[in-house]
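Listing of structure02.csv; format and content: CSV, C-alpha atoms and all ligand atoms.
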```
chain,number,residue,atom,x,y,z
A,1,MET,CA,-68.5,-17.3,4.7
A,2,SER,CA,-69.8,-17.8,1.1
A,3,ASP,CA,-68.2,-20.4,-1.1
A,4,LEU,CA,-66.5,-17.6,-3.2
A,5,GLU,CA,-65.1,-15.9,-0.1
A,6,ASN,CA,-63.6,-19.2,0.9
A,7,GLN,CA,-62.0,-19.6,-2.4
A,8,VAL,CA,-60.6,-16.1,-2.4
A,9,GLU,CA,-59.1,-16.7,1.0
A,10,GLU,CA,-57.7,-19.9,-0.2
A,11,VAL,CA,-56.0,-18.4,-3.3
A,12,LYS,CA,-54.7,-15.5,-1.3
A,13,SER,CA,-53.1,-17.5,1.4
A,14,SER,CA,-51.6,-20.1,-0.9
A,15,PHE,CA,-50.1,-17.3,-3.0
A,16,ASP,CA,-48.7,-15.6,0.1
A,17,ARG,CA,-47.1,-18.9,1.2
A,18,ALA,CA,-45.7,-19.5,-2.3
A,19,VAL,CA,-44.3,-16.1,-2.9
A,20,VAL,CA,-42.0,-16.0,0.2
A,21,SER,CA,-40.1,-19.0,-1.0
A,22,ILE,CA,-39.5,-17.6,-4.5
A,23,ALA,CA,-35.8,-16.9,-5.0
A,24,THR,CA,-35.4,-16.0,-8.7
A,25,THR,CA,-37.2,-13.8,-11.3
A,26,ASP,CA,-37.8,-16.9,-13.4
A,27,ALA,CA,-39.5,-18.7,-10.6
A,28,LEU,CA,-41.6,-15.6,-9.9
A,29,GLN,CA,-42.7,-15.5,-13.5
A,30,LYS,CA,-43.9,-19.2,-13.2
A,31,LEU,CA,-45.8,-18.2,-10.1
A,32,LYS,CA,-47.4,-15.4,-11.9
A,33,VAL,CA,-48.6,-17.7,-14.6
A,34,GLN,CA,-49.9,-20.2,-12.0
A,35,TYR,CA,-52.2,-17.5,-10.5
A,36,LEU,CA,-52.8,-14.9,-13.2
A,37,GLY,CA,-52.1,-16.9,-16.4
A,38,LYS,CA,-54.9,-18.2,-18.7
A,39,LYS,CA,-55.5,-21.2,-16.6
A,40,GLY,CA,-54.3,-19.6,-13.4
A,41,ALA,CA,-56.1,-20.1,-10.0
A,42,LEU,CA,-57.5,-16.5,-10.0
A,43,THR,CA,-58.4,-16.5,-13.7
A,44,VAL,CA,-60.5,-19.6,-13.1
A,45,LEU,CA,-62.3,-17.8,-10.3
A,46,LEU,CA,-62.9,-14.8,-12.5
A,47,LYS,CA,-64.3,-17.0,-15.2
A,48,SER,CA,-66.7,-18.5,-12.7
A,49,LEU,CA,-68.4,-15.1,-12.3
A,50,GLY,CA,-70.5,-15.9,-15.3
A,51,SER,CA,-72.3,-18.6,-13.5
A,52,LEU,CA,-73.4,-16.3,-10.6
A,53,SER,CA,-76.7,-14.6,-10.4
A,54,PRO,CA,-76.9,-11.0,-11.5
A,55,GLU,CA,-77.3,-9.9,-7.9
A,56,GLU,CA,-74.3,-11.7,-6.6
A,57,ARG,CA,-72.0,-10.8,-9.6
A,58,PRO,CA,-71.1,-7.1,-8.8
A,59,LEU,CA,-69.8,-7.8,-5.3
A,60,ALA,CA,-68.0,-10.9,-6.3
A,61,GLY,CA,-66.5,-9.1,-9.3
A,62,GLU,CA,-65.2,-6.4,-7.0
A,63,THR,CA,-63.7,-8.8,-4.6
A,64,LEU,CA,-61.9,-10.8,-7.3
A,65,ASN,CA,-60.6,-7.6,-9.1
A,66,ALA,CA,-59.2,-6.4,-5.8
A,67,LEU,CA,-57.5,-9.7,-5.3
A,68,ARG,CA,-56.0,-9.5,-8.8
A,69,ASP,CA,-54.7,-6.0,-8.1
A,70,ALA,CA,-53.2,-7.2,-4.8
A,71,LEU,CA,-51.5,-10.2,-6.4
A,72,GLU,CA,-50.1,-8.1,-9.2
A,73,GLN,CA,-48.7,-5.6,-6.8
A,74,LYS,CA,-47.1,-8.3,-4.6
A,75,ILE,CA,-45.5,-9.8,-7.7
A,76,GLU,CA,-44.1,-6.4,-8.8
A,77,ASP,CA,-42.7,-5.7,-5.3
A,78,LYS,CA,-41.1,-9.1,-5.2
A,79,ARG,CA,-39.7,-8.7,-8.7
A,80,GLN,CA,-37.9,-5.4,-7.6
A,81,THR,CA,-36.5,-7.1,-4.5
A,82,LEU,CA,-35.2,-10.0,-6.6
A,83,ILE,CA,-33.6,-7.7,-9.2
A,84,ARG,CA,-31.7,-5.8,-6.6
A,85,ALA,CA,-30.5,-9.0,-5.0
A,86,GLU,CA,-29.5,-10.5,-8.3
A,87,ASP,CA,-27.6,-7.2,-9.2
A,88,ALA,CA,-25.8,-7.2,-5.9
A,89,GLU,CA,-24.8,-10.8,-6.3
A,90,ALA,CA,-23.6,-10.3,-9.9
A,91,GLU,CA,-21.6,-7.3,-8.9
A,92,ALA,CA,-20.0,-9.2,-6.0
A,93,LEU,CA,-19.0,-11.9,-8.5
A,94,GLY,CA,-17.7,-9.3,-10.9
A,95,ARG,CA,-20.3,-10.6,-13.4
A,96,VAL,CA,-21.9,-7.4,-14.5
A,97,ASP,CA,-23.9,-7.3,-17.7
A,98,VAL,CA,-22.5,-4.2,-19.3
A,99,THR,CA,-25.1,-4.4,-22.1
A,100,LEU,CA,-27.9,-3.6,-19.7
A,101,PRO,CA,-29.2,0.0,-19.6
A,102,PRO,CA,-28.1,1.9,-16.5
A,103,ARG,CA,-30.4,2.0,-13.5
A,104,GLY,CA,-30.4,4.9,-11.0
A,105,ARG,CA,-27.4,6.8,-12.3
A,106,PRO,CA,-27.5,9.2,-15.2
A,107,ALA,CA,-25.9,7.5,-18.2
A,108,GLY,CA,-22.6,8.8,-19.4
A,109,ALA,CA,-20.2,11.4,-18.1
A,110,PHE,CA,-17.0,13.1,-19.3
A,111,HIS,CA,-13.7,11.6,-18.4
A,112,PRO,CA,-11.9,13.8,-15.9
A,113,VAL,CA,-9.2,14.7,-18.4
A,114,ALA,CA,-11.8,15.6,-21.0
A,115,GLN,CA,-13.7,17.6,-18.4
A,116,THR,CA,-10.4,19.4,-17.5
A,117,MET,CA,-9.7,20.1,-21.1
A,118,HIS,CA,-13.2,21.6,-21.6
A,119,GLU,CA,-12.8,23.8,-18.6
A,120,ILE,CA,-9.4,25.1,-19.5
A,121,VAL,CA,-10.4,25.7,-23.1
A,122,ALA,CA,-13.5,27.6,-22.0
A,123,ILE,CA,-11.4,29.9,-19.7
A,124,MET,CA,-9.0,30.6,-22.5
A,125,GLN,CA,-11.8,31.2,-25.0
A,126,GLY,CA,-12.9,33.9,-22.6
A,127,LEU,CA,-9.5,35.5,-23.0
A,128,GLY,CA,-9.9,35.5,-26.8
A,129,TYR,CA,-8.2,32.2,-27.7
A,130,SER,CA,-9.4,29.7,-30.3
A,131,VAL,CA,-8.7,26.0,-30.4
A,132,ALA,CA,-6.2,24.7,-33.0
A,133,LEU,CA,-5.3,21.0,-33.4
A,134,GLY,CA,-2.4,19.2,-34.9
A,135,PRO,CA,-1.4,15.6,-35.9
A,136,GLU,CA,-0.3,13.1,-33.3
A,137,ILE,CA,2.0,11.5,-36.0
A,138,GLU,CA,4.4,14.3,-36.5
A,139,GLU,CA,7.5,15.1,-38.5
A,140,ASP,CA,10.8,15.6,-36.8
A,141,TYR,CA,10.9,19.1,-38.2
A,142,TYR,CA,7.7,20.3,-36.4
A,143,ASN,CA,8.3,18.4,-33.2
A,144,PHE,CA,12.0,19.5,-32.8
A,145,GLU,CA,13.7,21.4,-35.5
A,146,CYS,CA,11.5,24.4,-36.0
A,147,LEU,CA,11.3,24.7,-32.2
A,148,ASN,CA,14.9,25.6,-32.1
A,149,MET,CA,16.0,22.0,-31.3
A,150,PRO,CA,18.3,20.9,-34.2
A,151,SER,CA,19.3,17.3,-34.3
A,152,TRP,CA,22.4,17.9,-32.2
A,153,HIS,CA,20.5,19.9,-29.5
A,154,PRO,CA,20.9,18.5,-26.0
A,155,ALA,CA,17.3,19.4,-25.2
A,156,ARG,CA,16.2,16.5,-27.4
A,157,ASP,CA,17.5,14.2,-24.7
A,158,MET,CA,14.8,15.5,-22.4
A,159,GLN,CA,12.2,13.7,-24.5
A,160,ASP,CA,12.5,10.1,-25.3
A,161,THR,CA,10.8,9.8,-28.6
A,162,PHE,CA,8.8,7.0,-30.3
A,163,TYR,CA,10.1,7.1,-33.9
A,164,PHE,CA,8.5,5.2,-36.7
A,165,PRO,CA,10.9,2.4,-37.7
A,166,ASP,CA,10.2,2.8,-41.4
A,167,SER,CA,11.2,6.4,-41.3
A,168,GLU,CA,14.4,6.0,-39.3
A,169,GLU,CA,16.7,6.6,-42.2
A,170,SER,CA,14.6,8.6,-44.6
A,171,ASP,CA,17.5,9.1,-47.0
A,172,GLY,CA,19.4,10.9,-44.3
A,173,GLU,CA,16.8,13.6,-44.1
A,174,THR,CA,16.1,13.8,-40.4
A,175,SER,CA,13.6,16.6,-40.7
A,176,LYS,CA,11.1,14.3,-42.4
A,177,ARG,CA,11.5,11.5,-39.9
A,178,ARG,CA,8.1,10.5,-38.6
A,179,LEU,CA,7.4,10.2,-34.8
A,180,LEU,CA,4.7,10.3,-32.3
A,181,ARG,CA,4.7,13.9,-31.1
A,182,THR,CA,6.3,14.3,-27.7
A,183,HIS,CA,4.5,17.5,-26.9
A,184,THR,CA,1.8,19.8,-28.3
A,185,SER,CA,4.3,22.6,-29.1
A,186,PRO,CA,4.6,21.6,-32.8
A,187,VAL,CA,1.1,22.9,-33.3
A,188,GLN,CA,2.5,26.4,-32.6
A,189,VAL,CA,4.4,26.6,-35.9
A,190,ARG,CA,1.7,24.7,-37.8
A,191,ALA,CA,-0.9,27.3,-36.7
A,192,MET,CA,1.4,30.3,-37.4
A,193,LEU,CA,2.0,29.0,-40.9
A,194,ARG,CA,-1.7,28.4,-41.4
A,195,TYR,CA,-3.3,31.5,-39.8
A,196,GLY,CA,-0.5,34.1,-39.6
A,197,ALA,CA,-0.5,36.9,-37.1
A,198,PRO,CA,-2.1,38.2,-34.9
A,199,LEU,CA,-2.9,34.8,-33.3
A,200,ARG,CA,-4.2,33.5,-30.0
A,201,ILE,CA,-4.6,29.7,-29.8
A,202,VAL,CA,-4.8,26.8,-27.4
A,203,CYS,CA,-3.9,23.3,-28.6
A,204,PRO,CA,-5.1,20.4,-26.5
A,205,GLY,CA,-4.1,16.8,-27.4
A,206,ARG,CA,-2.5,13.5,-26.8
A,207,VAL,CA,1.3,13.3,-26.7
A,208,TYR,CA,3.7,10.3,-26.4
A,209,ARG,CA,7.0,9.5,-24.7
A,210,ARG,CA,9.0,6.4,-23.8
A,211,ASP,CA,7.9,6.6,-20.1
A,212,ASN,CA,6.0,4.0,-18.1
A,213,ASP,CA,5.9,4.0,-14.4
A,214,PRO,CA,3.3,4.9,-11.7
A,215,THR,CA,3.7,8.6,-12.4
A,216,HIS,CA,4.3,8.5,-16.1
A,217,SER,CA,2.3,7.0,-18.9
A,218,PRO,CA,3.6,6.5,-22.5
A,219,MET,CA,0.5,8.5,-23.7
A,220,PHE,CA,-0.6,11.6,-21.9
A,221,ASN,CA,-2.4,14.9,-22.6
A,222,GLN,CA,-1.1,18.4,-22.9
A,223,LEU,CA,-2.4,21.8,-23.6
A,224,GLU,CA,-0.3,24.4,-25.5
A,225,GLY,CA,-1.0,28.1,-25.7
A,226,LEU,CA,0.4,30.6,-28.1
A,227,LEU,CA,-0.2,34.3,-28.5
A,228,VAL,CA,1.5,36.3,-31.3
A,229,GLU,CA,0.8,40.1,-31.4
A,230,LYS,CA,2.7,43.4,-31.4
A,231,ASP,CA,4.6,44.6,-28.4
A,232,VAL,CA,3.5,41.7,-26.1
A,233,SER,CA,5.0,41.9,-22.6
A,234,PHE,CA,5.7,39.2,-20.2
A,235,SER,CA,3.2,40.7,-17.8
A,236,VAL,CA,0.4,39.7,-20.1
A,237,LEU,CA,1.6,36.1,-20.0
A,238,LYS,CA,1.7,36.2,-16.2
A,239,GLY,CA,-1.7,37.7,-15.9
A,240,SER,CA,-3.3,35.3,-18.4
A,241,LEU,CA,-1.9,32.3,-16.5
A,242,ILE,CA,-2.9,33.5,-13.1
A,243,GLU,CA,-6.4,34.1,-14.5
A,244,LEU,CA,-6.4,30.5,-15.9
A,245,MET,CA,-5.2,28.9,-12.7
A,246,ASN,CA,-7.6,30.8,-10.5
A,247,GLY,CA,-10.5,30.2,-12.9
A,248,PHE,CA,-9.7,26.5,-13.1
A,249,PHE,CA,-9.4,25.9,-9.4
A,250,GLY,CA,-12.2,28.3,-8.5
A,251,ARG,CA,-10.3,30.5,-6.1
A,252,GLU,CA,-7.4,32.8,-5.8
A,253,LEU,CA,-4.2,30.9,-5.4
A,254,LYS,CA,-0.8,32.1,-4.5
A,255,SER,CA,1.6,31.7,-7.5
A,256,ARG,CA,5.2,32.2,-8.3
A,257,PHE,CA,7.2,32.3,-11.5
A,258,ARG,CA,10.6,30.6,-11.6
A,259,ALA,CA,13.3,31.0,-14.2
A,260,SER,CA,13.7,28.0,-16.4
A,261,TYR,CA,14.9,26.9,-19.8
A,262,PHE,CA,13.1,25.8,-23.0
A,263,PRO,CA,14.8,26.1,-26.4
A,264,PHE,CA,11.7,27.6,-28.0
A,265,THR,CA,11.2,30.5,-25.5
A,266,GLU,CA,13.5,33.2,-24.3
A,267,PRO,CA,13.3,34.0,-21.4
A,268,SER,CA,11.7,30.9,-20.1
A,269,MET,CA,9.8,30.4,-16.8
A,270,GLU,CA,7.8,27.8,-14.9
A,271,LEU,CA,4.7,28.6,-12.9
A,272,ASP,CA,4.2,27.1,-9.5
A,273,ILE,CA,0.9,27.5,-7.6
A,274,GLU,CA,0.3,27.0,-3.9
A,275,CYS,CA,-0.5,23.4,-3.1
A,276,VAL,CA,-4.2,22.8,-3.7
A,277,GLU,CA,-4.2,19.9,-1.3
A,278,CYS,CA,-2.6,21.4,1.8
A,279,GLY,CA,-2.1,25.1,1.0
A,280,GLY,CA,1.5,24.7,2.1
A,281,LYS,CA,0.5,23.8,5.7
A,282,ASN,CA,1.4,20.1,5.8
A,283,SER,CA,5.1,19.2,5.7
A,284,ASN,CA,4.1,15.6,4.9
A,285,CYS,CA,1.7,16.5,2.1
A,286,ARG,CA,1.7,13.7,-0.5
A,287,VAL,CA,0.9,16.1,-3.3
A,288,CYS,CA,3.5,18.8,-2.9
A,289,ARG,CA,5.8,16.6,-0.8
A,290,GLY,CA,5.9,19.3,1.8
A,291,THR,CA,7.2,22.1,-0.4
A,292,GLY,CA,3.9,23.9,-0.5
A,293,TRP,CA,4.2,24.5,-4.2
A,294,LEU,CA,3.0,22.7,-7.3
A,295,GLU,CA,4.7,23.0,-10.7
A,296,VAL,CA,1.9,23.4,-13.2
A,297,CYS,CA,3.1,25.1,-16.4
A,298,GLY,CA,6.2,25.8,-18.6
A,299,MET,CA,6.2,29.1,-20.6
A,300,GLY,CA,8.1,31.9,-22.0
A,301,MET,CA,8.4,34.6,-24.6
A,302,THR,CA,8.4,32.9,-28.0
A,303,HIS,CA,11.9,32.7,-29.4
A,304,PRO,CA,12.3,34.8,-32.6
A,305,PHE,CA,13.6,31.6,-34.4
A,306,VAL,CA,10.2,30.0,-33.8
A,307,ILE,CA,8.2,33.0,-34.9
A,308,ARG,CA,10.3,33.1,-38.1
A,309,ALA,CA,9.7,29.4,-38.7
A,310,GLY,CA,6.0,30.2,-38.5
A,311,GLY,CA,6.4,32.6,-41.4
A,312,ILE,CA,6.0,35.7,-39.3
A,313,ASP,CA,8.5,38.6,-39.0
A,314,PRO,CA,9.9,38.6,-35.5
A,315,GLU,CA,10.9,42.3,-35.9
A,316,GLU,CA,7.2,43.1,-36.2
A,317,TYR,CA,5.5,40.6,-34.0
A,318,ASN,CA,6.4,38.9,-30.7
A,319,GLY,CA,4.5,36.6,-28.4
A,320,PHE,CA,4.5,34.0,-25.7
A,321,ALA,CA,3.7,30.3,-25.3
A,322,PHE,CA,2.9,28.0,-22.5
A,323,GLY,CA,2.4,24.3,-22.1
A,324,MET,CA,0.9,22.2,-19.3
A,325,GLY,CA,-0.1,18.6,-18.6
A,326,LEU,CA,-3.9,18.0,-18.6
A,327,ASP,CA,-3.7,14.7,-16.7
A,328,ARG,CA,-1.8,16.4,-14.0
A,329,MET,CA,-4.3,19.3,-13.8
A,330,ALA,CA,-7.2,16.8,-13.6
A,331,MET,CA,-5.4,14.8,-10.8
A,332,LEU,CA,-4.8,18.0,-8.8
A,333,LYS,CA,-8.4,19.3,-9.2
A,334,TYR,CA,-10.2,16.0,-8.6
A,335,GLY,CA,-7.8,14.7,-5.9
A,336,ILE,CA,-6.8,11.6,-8.0
A,337,ASN,CA,-3.5,10.3,-6.5
A,338,ASP,CA,-2.5,7.7,-9.0
A,339,LEU,CA,-2.1,8.5,-12.7
A,340,ARG,CA,-3.1,4.9,-13.6
A,341,TYR,CA,-6.7,5.5,-12.5
A,342,LEU,CA,-7.1,7.8,-15.5
A,343,PHE,CA,-6.4,5.0,-18.0
A,344,ASP,CA,-8.1,2.2,-16.1
A,345,GLY,CA,-11.4,0.7,-17.4
A,346,ASN,CA,-12.7,0.5,-13.8
A,347,VAL,CA,-14.9,3.5,-13.2
A,348,SER,CA,-15.7,2.7,-9.6
A,349,TYR,CA,-13.1,5.2,-8.3
A,350,PHE,CA,-14.9,8.0,-10.1
A,351,LEU,CA,-18.4,6.8,-9.2
A,352,SER,CA,-17.5,6.6,-5.5
A,353,GLY,CA,-18.7,10.2,-5.3
A,354,ARG,CA,-15.7,12.4,-4.5
A,355,ASP,CA,-16.6,16.0,-4.8
A,356,ALA,CA,-14.7,18.2,-7.1
A,401,LIG,N1,6.7,21.5,-24.6
A,401,LIG,C1,7.1,21.6,-23.2
A,401,LIG,C2,7.1,20.2,-22.7
A,401,LIG,O1,6.5,19.3,-23.2
A,401,LIG,C3,6.1,22.4,-22.4
A,401,LIG,C4,6.2,23.8,-22.7
A,401,LIG,C5,7.1,24.7,-22.1
A,401,LIG,C6,5.5,24.4,-23.7
A,401,LIG,C7,7.2,26.0,-22.3
A,401,LIG,C8,5.6,25.8,-24.1
A,401,LIG,C9,6.5,26.5,-23.3
A,401,LIG,O2,4.9,26.3,-25.0
A,401,LIG,O3,6.6,27.8,-23.7
A,401,LIG,O4,7.7,19.9,-21.6
```
Please express what this file holds, its structure, as structure tokens.
Amino acid sequence: MSDLENQVEEVKSSFDRAVVSIATTDALQKLKVQYLGKKGALTVLLKSLGSLSPEERPLAGETLNALRDALEQKIEDKRQTLIRAEDAEAEALGRVDVTLPPRGRPAGAFHPVAQTMHEIVAIMQGLGYSVALGPEIEEDYYNFECLNMPSWHPARDMQDTFYFPDSEESDGETSKRRLLRTHTSPVQVRAMLRYGAPLRIVCPGRVYRRDNDPTHSPMFNQLEGLLVEKDVSFSVLKGSLIELMNGFFGRELKSRFRASYFPFTEPSMELDIECVECGGKNSNCRVCRGTGWLEVCGMGMTHPFVIRAGGIDPEEYNGFAFGMGLDRMAMLKYGINDLRYLFDGNVSYFLSGRDA
């Protein structure tokens, strides 16, 4: 073996011995400098090429370049292995550097509730509805009074409201009292006053109530719908909501309409759909509690009082309204069994790959 071949062997085997004991990316960087840096073992050999005869040089050059490529490759392989191990360790310790760019997974995704809202809005847009938004800090008048719930109305007890303390008295003028809206229904009257009739709108948004337990959050999301036209019948409302539910869940579901009560609709109904978890086949089902039905939406023919509050003549126009919880819809569709997951910063539940 020539002198150079001996030296190449020597560098190669000492590198191989050294690299196996490297345990951190910092140590790996030092090893790289030791071999490939300005004064590195391999660099010294490459520099010695100049002292060889012109006949010896090409072959020696080829051998050394091949060695350099091999070392660079081994360093890169080792670097990847170390990064993975360091990531796994950091994750196990809960020490994840959130400022690092994501590896492997596509960056960013919609929150399940936002995704649900987009899907429902898209279906309703297909039925000719536009999106209307209203304020989350609302006046008593829009949240209650114009919806046929005067201050003495017992239906106000159904909603425990966050009032703004500074507006509690408001010179005795209750209608101007400010509060966090308890539902998206106030957008109905705001939209009628703004756009007039005919009107088809959906109003998604955050709402607030004094509720906080495993199945209730003080902030949650609703979507309201309102249609005001001439000679609207209840069957149009039924058909639209069946279309919405089937479209959202992606199949034809059994549904039933139950008589109910809301001050702003007359008559009022609630829509139940067949249990999307068990299809009504499991008497121990945790989602429908064995009833086979899921309550998903309140609705009814808009009360003439509300149409009039919207500046529209109820003799000329009538309509219907409906309201549903978007968090609940997201939980049903994506099989999320605890409301708190939706408001948690820990995304691992959603990244665990449950199919929709
Ligand atoms: N606002 C009601 C609630 O928060 C939901 C609702 C029921 C909205 C019936 C409607 C409706 O528009 O017609 O519980």
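If only C-alpha atoms and all ligand atoms are the atoms counted, then among A:Gly345, A:Gly225, A:Gly279, A:Gly247 the closest residue to ligand LIG 401 (chain A) is A:Gly225.
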If you count only C-alpha atoms and all ligand atoms, which residues end up within 7 Å of ligand LIG 401 (chain A), as a ChimeraX atom specification?
/A:182-185,224-226,262,264-265,268,297-300,302,320-324
Only C-alpha atoms, please: the residues just picked out, written as a tab-separated table (two decimals), in the frame of the given file.
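Result file is result00.tsv:
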```tsv
chain	number	residue	atom	x	y	z
A	182	THR	CA	6.30	14.30	-27.70
A	183	HIS	CA	4.50	17.50	-26.90
A	184	THR	CA	1.80	19.80	-28.30
A	185	SER	CA	4.30	22.60	-29.10
A	224	GLU	CA	-0.30	24.40	-25.50
A	225	GLY	CA	-1.00	28.10	-25.70
A	226	LEU	CA	0.40	30.60	-28.10
A	262	PHE	CA	13.10	25.80	-23.00
A	264	PHE	CA	11.70	27.60	-28.00
A	265	THR	CA	11.20	30.50	-25.50
A	268	SER	CA	11.70	30.90	-20.10
A	297	CYS	CA	3.10	25.10	-16.40
A	298	GLY	CA	6.20	25.80	-18.60
A	299	MET	CA	6.20	29.10	-20.60
A	300	GLY	CA	8.10	31.90	-22.00
A	302	THR	CA	8.40	32.90	-28.00
A	320	PHE	CA	4.50	34.00	-25.70
A	321	ALA	CA	3.70	30.30	-25.30
A	322	PHE	CA	2.90	28.00	-22.50
A	323	GLY	CA	2.40	24.30	-22.10
A	324	MET	CA	0.90	22.20	-19.30
```
Smallest atom-to-atom distance to A:Asp344: which of A:His111, A:Arg181, A:Arg200, A:Arg289, using only C-alpha atoms?
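With only C-alpha atoms as the atom set, the closest residue is A:His111.
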Counting all atoms listed in the file, the option among A:Cys203, A:Cys275, A:Leu180, A:Ile307 closest to A:His118
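For A:His118, the nearest of the given residues is A:Cys203.
Atom pair atom CA of A:Glu295 / atom CA of A:Leu271: separated by 6.0 Å.
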Spatial neighbours of A:Leu244, max dist 10 Å, all atoms listed in the file, sep filter under 5 positions, as a ChimeraX atom specification:
/A:119-124,126-127,238-239,249-250
Considering only C-alpha atoms, return as a ChimeraX atom specification whatever protein or nucleic-acid residues lie within 10 Å of stretch 20-24 of chain A, sequence-local ones (same chain, fewer than 6 positions apart) excluded.
/A:30-31,78-79,81-83,85-86
Taking the point (-8.3, 26.1, -35.1) as given in the file, collect each protein or nucleic acid residue that comes within 9 Å of it, counting only C-alpha atoms, and present the set as a ChimeraX atom specification.
/A:130-133,191,195,201-203
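In this structure, atom CA of A:Asp157 sits 25.2 Å away from atom CA of A:Arg340.
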For A:Leu52, work out the shell of residues within 12 Å, counting all atoms listed in the file and skipping chain neighbours fewer than 6 positions away, then give it as a list of chain:residue names.
A:Asp3, A:Leu4, A:Leu45, A:Leu46, A:Pro58, A:Leu59, A:Ala60, A:Gly61
Neighbouring residues of A:Lys254 were defined as those with any atom within 10 Å, considering all atoms listed in the file; residues of the same chain fewer than 6 positions away were excluded. Please report them as a list of chain:residue names.
A:Ile242, A:Met245, A:Asn246, A:Asp272, A:Ile273, A:Glu274, A:Cys275, A:Val276, A:Gly279, A:Trp293
Residue list as JSON, numbers by chain for point (-2.4, 8.7, -26.4), cut-off 7 Å, all atoms listed in the file
{"A": [206, 207, 208, 219, 220]}
Please report the interatomic distance between atom CA of A:Glu5 and atom CA of A:Gly50 in Å with one decimal.
16.1 Å
Measuring between all atoms listed in the file, which one of A:Ser14, A:Asn221, A:Asn212, A:Ser175 shows the shortest distance to A:Met329?
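Once distances to A:Met329 are computed over all atoms listed in the file, the minimum belongs to A:Asn221.
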Pick out the residues sitting within 7 Å of A:Lys176, and hand them over as a list in words; count all atoms listed in the file, and ignore anything fewer than 2 positions along from it in its own chain.
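Answer for this query is Glu139, Asp140, Tyr141, Glu173, Thr174 and Arg178 of chain A.
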Across A:His216, A:His153, A:Arg256, A:Arg209, the smallest distance to A:Tyr341, with only C-alpha atoms counted, is shown by A:His216
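Closest to A:Leu36 among A:Gln188, A:Ser233, A:Asn282, A:Asn65 is A:Asn65, based on all atoms listed in the file.
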